[in-house]
Amino acid sequence: MRGPTTSLTPPADAVAPARHSGAPAPGEPLGSHYDHCFGCGGKQPHGLHLEIRAGEGVSATAVLTVREEHQGAPGLAHGGVLAAALDETLGALGWMLRTIAVTGRLETDFVRPVPVGTELHLRAEVTAVHGRKIYATAAGRAGGPEGPLAVRAAALFVAVEVEHFTENGRDEEIRAAMADPDQVRVVRAFEVNP
Ligand SMILES: CCCCCCCCCCCC(=O)SCCNC(=O)CCNC(=O)[C@H](O)C(C)(C)COP(=O)(O)OP(=O)(O)OC[C@H]1O[C@@H](n2cnc3c(N)ncnc32)[C@H](O)[C@@H]1OP(=O)(O)O
């Protein structure tokens with residue numbers, strides 16, 4: 001029996017991604033999709049506090065400042081934290097497509113150690129779309145957008161309906177989110193597609 005296709009190489013009949021006409025201009029902040037998100041939420045004290053910005057085409061950028069609480073080895077960033085930063089920047093590409101999508105697969109290469117205090121410049125872009133599948137890549141460079149490559153990722157996101165969250169999340173947080181007009185605005189922004 002043939003199993004699911006999990007390759008990160010887009011199939012031959014995948015199409016080029018289309019930047020949504022309502023996507024913010026390059027350089028504009030995309031905003032947080034959820035205040036309590038570990039990656040981008042402003043109300044998440046333990047979070048990465050990534051401020052992700054629209055890029056050219058279907059791309060996005062962010063800067064992670066590696067803090068003491070991000071350590072794995074002494075003085076060096078934990079790989080999981082770096083993967084989370086890549087995942088979050090990739091996840092924000094949904095704003096550029098106006099599609100709600102979640103990570104199905106994330107493959108990460110850790111190219112060089114990232115010391116505490118580093119400003120890691122992240123850039124993610126969608127490379128292809130095939131039905132609900134969104135193929136994307138990301139890179140993190142130390143010290144600046146042209147700095148040495150420290151981490152890179154290839155990912156496959158899968159487009160989902162808002163019910164993915166309402167049916168699988170915890171009632172308490174869902175009720176609070178749906179009572180928050182800012183959160184409802186975010187959901188509506190994603191639902192209006194194209
Ligand atoms: C309000 C604003 C919020 C906005 C919210 C934005 C959040 C962003 C946060 C950052 C990003 C995250 O961390 S998101 C959180 C981490 N991710 C998750 O929790 C997702 C957990 N996984 C799932 O819920 C599910 O497995 C899904 C949704 C990914 C797929 O399930 P499904 O909907 O039933 O789809 P399914 O038919 O299985 O698959 C559809 C196609 O995708 C392929 N596919 C499925 N899974 C994979 C996989 N792991 N690796 C490769 N490919 C895969 C299948 O082969 C198939 O291709 P083909 O055979 O048809 O060709």
# chains A, B, ... in the order shown; residues from 1 in each chain; ligands from 1
call {"tool": "residues_near_ligand", "arguments": {"ligand": "ligand 1", "cutoff": "6 Å", "atoms": "only C-alpha atoms and all ligand atoms", "output": "PyMOL selection string"}}
result
chain A and resi 4-6+33+87-88+91+100-105+133+156+158+187
call {"tool": "residues_around", "arguments": {"residues": "Ala189 in chain A", "least_positions_apart": "3", "cutoff": "12 Å", "atoms": "only C-alpha atoms", "output": "NGL selection string"}}
result
:A and (20 or 22-24 or 30-31 or 33 or 94-100 or 162 or 182-186 or 192-194)
call {"tool": "select_by_dssp", "arguments": {"residues": "range 23-140 of chain A", "states": "strand (DSSP E or B)", "output": "ChimeraX atom specification"}}
result
/A:29,53-54,59-65,71,76-77,101-110,115,119-130,133-140
call {"tool": "write_last_selection", "arguments": {"atoms": "N, CA and C atoms", "output": "CSV table (one decimal), in the first residue's frame"}}
result
chain,number,residue,atom,x,y,z
A,29,PRO,N,5.6,45.0,9.8
A,29,PRO,CA,5.4,43.9,10.7
A,29,PRO,C,4.2,43.1,10.4
A,53,ARG,N,8.5,40.3,10.0
A,53,ARG,CA,8.1,41.3,9.0
A,53,ARG,C,7.9,40.7,7.6
A,54,ALA,N,7.1,41.3,6.8
A,54,ALA,CA,6.9,40.9,5.4
A,54,ALA,C,8.2,41.1,4.7
A,59,SER,N,7.8,36.0,1.3
A,59,SER,CA,8.9,35.7,2.2
A,59,SER,C,8.7,36.6,3.5
A,60,ALA,N,9.4,36.2,4.5
A,60,ALA,CA,9.3,36.9,5.8
A,60,ALA,C,10.6,36.9,6.5
A,61,THR,N,10.8,37.9,7.4
A,61,THR,CA,12.1,38.0,8.1
A,61,THR,C,11.8,38.3,9.6
A,62,ALA,N,12.8,37.9,10.4
A,62,ALA,CA,12.7,38.2,11.8
A,62,ALA,C,14.1,38.2,12.4
A,63,VAL,N,14.3,38.7,13.6
A,63,VAL,CA,15.6,38.7,14.3
A,63,VAL,C,15.3,38.0,15.7
A,64,LEU,N,16.1,37.0,15.9
A,64,LEU,CA,16.0,36.4,17.3
A,64,LEU,C,17.3,36.8,18.0
A,65,THR,N,17.1,37.4,19.1
A,65,THR,CA,18.3,37.7,20.0
A,65,THR,C,18.4,36.6,21.0
A,71,GLN,N,19.9,28.8,26.3
A,71,GLN,CA,21.1,28.0,26.3
A,71,GLN,C,20.7,26.5,26.3
A,76,LEU,N,25.8,28.6,24.6
A,76,LEU,CA,25.3,28.4,23.2
A,76,LEU,C,23.8,28.1,23.2
A,77,ALA,N,23.2,28.6,22.1
A,77,ALA,CA,21.7,28.4,21.9
A,77,ALA,C,21.4,26.9,21.8
A,101,ALA,N,-2.1,27.7,8.0
A,101,ALA,CA,-1.3,26.4,7.8
A,101,ALA,C,-0.5,26.1,9.0
A,102,VAL,N,-0.3,24.8,9.2
A,102,VAL,CA,0.5,24.3,10.3
A,102,VAL,C,1.6,23.5,9.8
A,103,THR,N,2.7,23.4,10.6
A,103,THR,CA,3.8,22.6,10.2
A,103,THR,C,3.5,21.1,10.2
A,104,GLY,N,3.8,20.5,9.0
A,104,GLY,CA,3.7,19.0,9.0
A,104,GLY,C,5.0,18.4,9.2
A,105,ARG,N,6.0,19.0,8.6
A,105,ARG,CA,7.4,18.5,8.6
A,105,ARG,C,8.4,19.6,8.6
A,106,LEU,N,9.4,19.5,9.5
A,106,LEU,CA,10.4,20.6,9.6
A,106,LEU,C,11.8,19.9,9.7
A,107,GLU,N,12.6,20.1,8.7
A,107,GLU,CA,13.9,19.5,8.7
A,107,GLU,C,15.0,20.6,8.9
A,108,THR,N,15.8,20.4,9.9
A,108,THR,CA,16.7,21.5,10.3
A,108,THR,C,18.2,21.1,10.2
A,109,ASP,N,19.0,21.9,9.6
A,109,ASP,CA,20.4,21.7,9.6
A,109,ASP,C,21.1,22.8,10.5
A,110,PHE,N,21.8,22.3,11.5
A,110,PHE,CA,22.5,23.2,12.4
A,110,PHE,C,23.9,23.3,11.9
A,115,PRO,N,26.2,31.5,19.7
A,115,PRO,CA,26.4,32.0,21.1
A,115,PRO,C,25.3,32.9,21.6
A,119,GLU,N,22.6,38.0,17.5
A,119,GLU,CA,21.3,38.4,16.7
A,119,GLU,C,21.2,37.5,15.5
A,120,LEU,N,20.3,36.6,15.6
A,120,LEU,CA,20.1,35.6,14.5
A,120,LEU,C,19.1,36.2,13.5
A,121,HIS,N,19.5,36.5,12.3
A,121,HIS,CA,18.6,37.0,11.3
A,121,HIS,C,18.0,35.9,10.5
A,122,LEU,N,16.7,35.8,10.6
A,122,LEU,CA,15.9,34.7,10.0
A,122,LEU,C,15.2,35.2,8.7
A,123,ARG,N,15.2,34.3,7.7
A,123,ARG,CA,14.5,34.6,6.5
A,123,ARG,C,13.8,33.4,6.0
A,124,ALA,N,12.5,33.4,5.8
A,124,ALA,CA,11.8,32.3,5.3
A,124,ALA,C,11.1,32.6,4.0
A,125,GLU,N,10.9,31.6,3.1
A,125,GLU,CA,10.1,31.9,1.9
A,125,GLU,C,9.4,30.6,1.4
A,126,VAL,N,8.3,30.9,0.8
A,126,VAL,CA,7.5,29.7,0.2
A,126,VAL,C,8.2,29.5,-1.1
A,127,THR,N,8.4,28.2,-1.4
A,127,THR,CA,9.0,27.9,-2.7
A,127,THR,C,8.0,27.3,-3.7
A,128,ALA,N,7.0,26.6,-3.2
A,128,ALA,CA,6.0,26.0,-4.1
A,128,ALA,C,4.7,25.6,-3.3
A,129,VAL,N,3.6,25.5,-4.0
A,129,VAL,CA,2.4,25.1,-3.4
A,129,VAL,C,1.8,23.9,-4.2
A,130,HIS,N,1.3,22.9,-3.5
A,130,HIS,CA,0.6,21.8,-4.2
A,130,HIS,C,-0.6,21.4,-3.4
A,133,LYS,N,-0.6,21.6,0.4
A,133,LYS,CA,0.8,21.5,0.9
A,133,LYS,C,1.5,22.8,0.4
A,134,ILE,N,2.2,23.3,1.4
A,134,ILE,CA,3.0,24.6,1.2
A,134,ILE,C,4.5,24.2,1.5
A,135,TYR,N,5.3,24.3,0.5
A,135,TYR,CA,6.7,24.0,0.6
A,135,TYR,C,7.5,25.3,0.9
A,136,ALA,N,8.4,25.3,1.9
A,136,ALA,CA,9.1,26.5,2.3
A,136,ALA,C,10.5,26.2,2.8
A,137,THR,N,11.3,27.2,2.7
A,137,THR,CA,12.7,27.0,3.3
A,137,THR,C,13.0,28.2,4.2
A,138,ALA,N,13.9,28.1,5.1
A,138,ALA,CA,14.3,29.2,5.9
A,138,ALA,C,15.8,29.1,6.3
A,139,ALA,N,16.4,30.2,6.6
A,139,ALA,CA,17.8,30.3,7.0
A,139,ALA,C,17.9,31.3,8.2
A,140,GLY,N,18.9,31.0,9.0
A,140,GLY,CA,19.3,31.9,10.1
A,140,GLY,C,20.7,32.3,10.0
call {"tool": "closest_residue", "arguments": {"among": "A:Phe38, A:Pro17, A:Thr9, A:Gln44", "to": "Val81 in chain A", "atoms": "only C-alpha atoms"}}
result
A:Phe38
call {"tool": "closest_residue", "arguments": {"among": "A:Leu93, A:Ala85, A:Val66, A:Val160", "to": "Val114 in chain A", "atoms": "only C-alpha atoms"}}
result
A:Val66
call {"tool": "select_by_dssp", "arguments": {"residues": "range 23-147 of chain A", "states": "helix (DSSP H, G or I)", "output": "ChimeraX atom specification"}}
result
/A:68-70,79-91,93-97
call {"tool": "closest_residue", "arguments": {"among": "A:Ala92, A:Ile52, A:Val151, A:Leu8", "to": "Gly79 in chain A", "atoms": "only C-alpha atoms"}}
result
A:Val151
call {"tool": "atom_distance", "arguments": {"atom1": "CA of Glu56 in chain A", "atom2": "CA of Pro26 in chain A"}}
result
5.5 Å
call {"tool": "atom_distance", "arguments": {"atom1": "CA of Ala153 in chain A", "atom2": "CA of Leu86 in chain A"}}
result
7.1 Å
call {"tool": "closest_residue", "arguments": {"among": "A:Tyr34, A:Gly117, A:Ala150, A:Ala83", "to": "Ile174 in chain A", "atoms": "only C-alpha atoms"}}
result
A:Tyr34
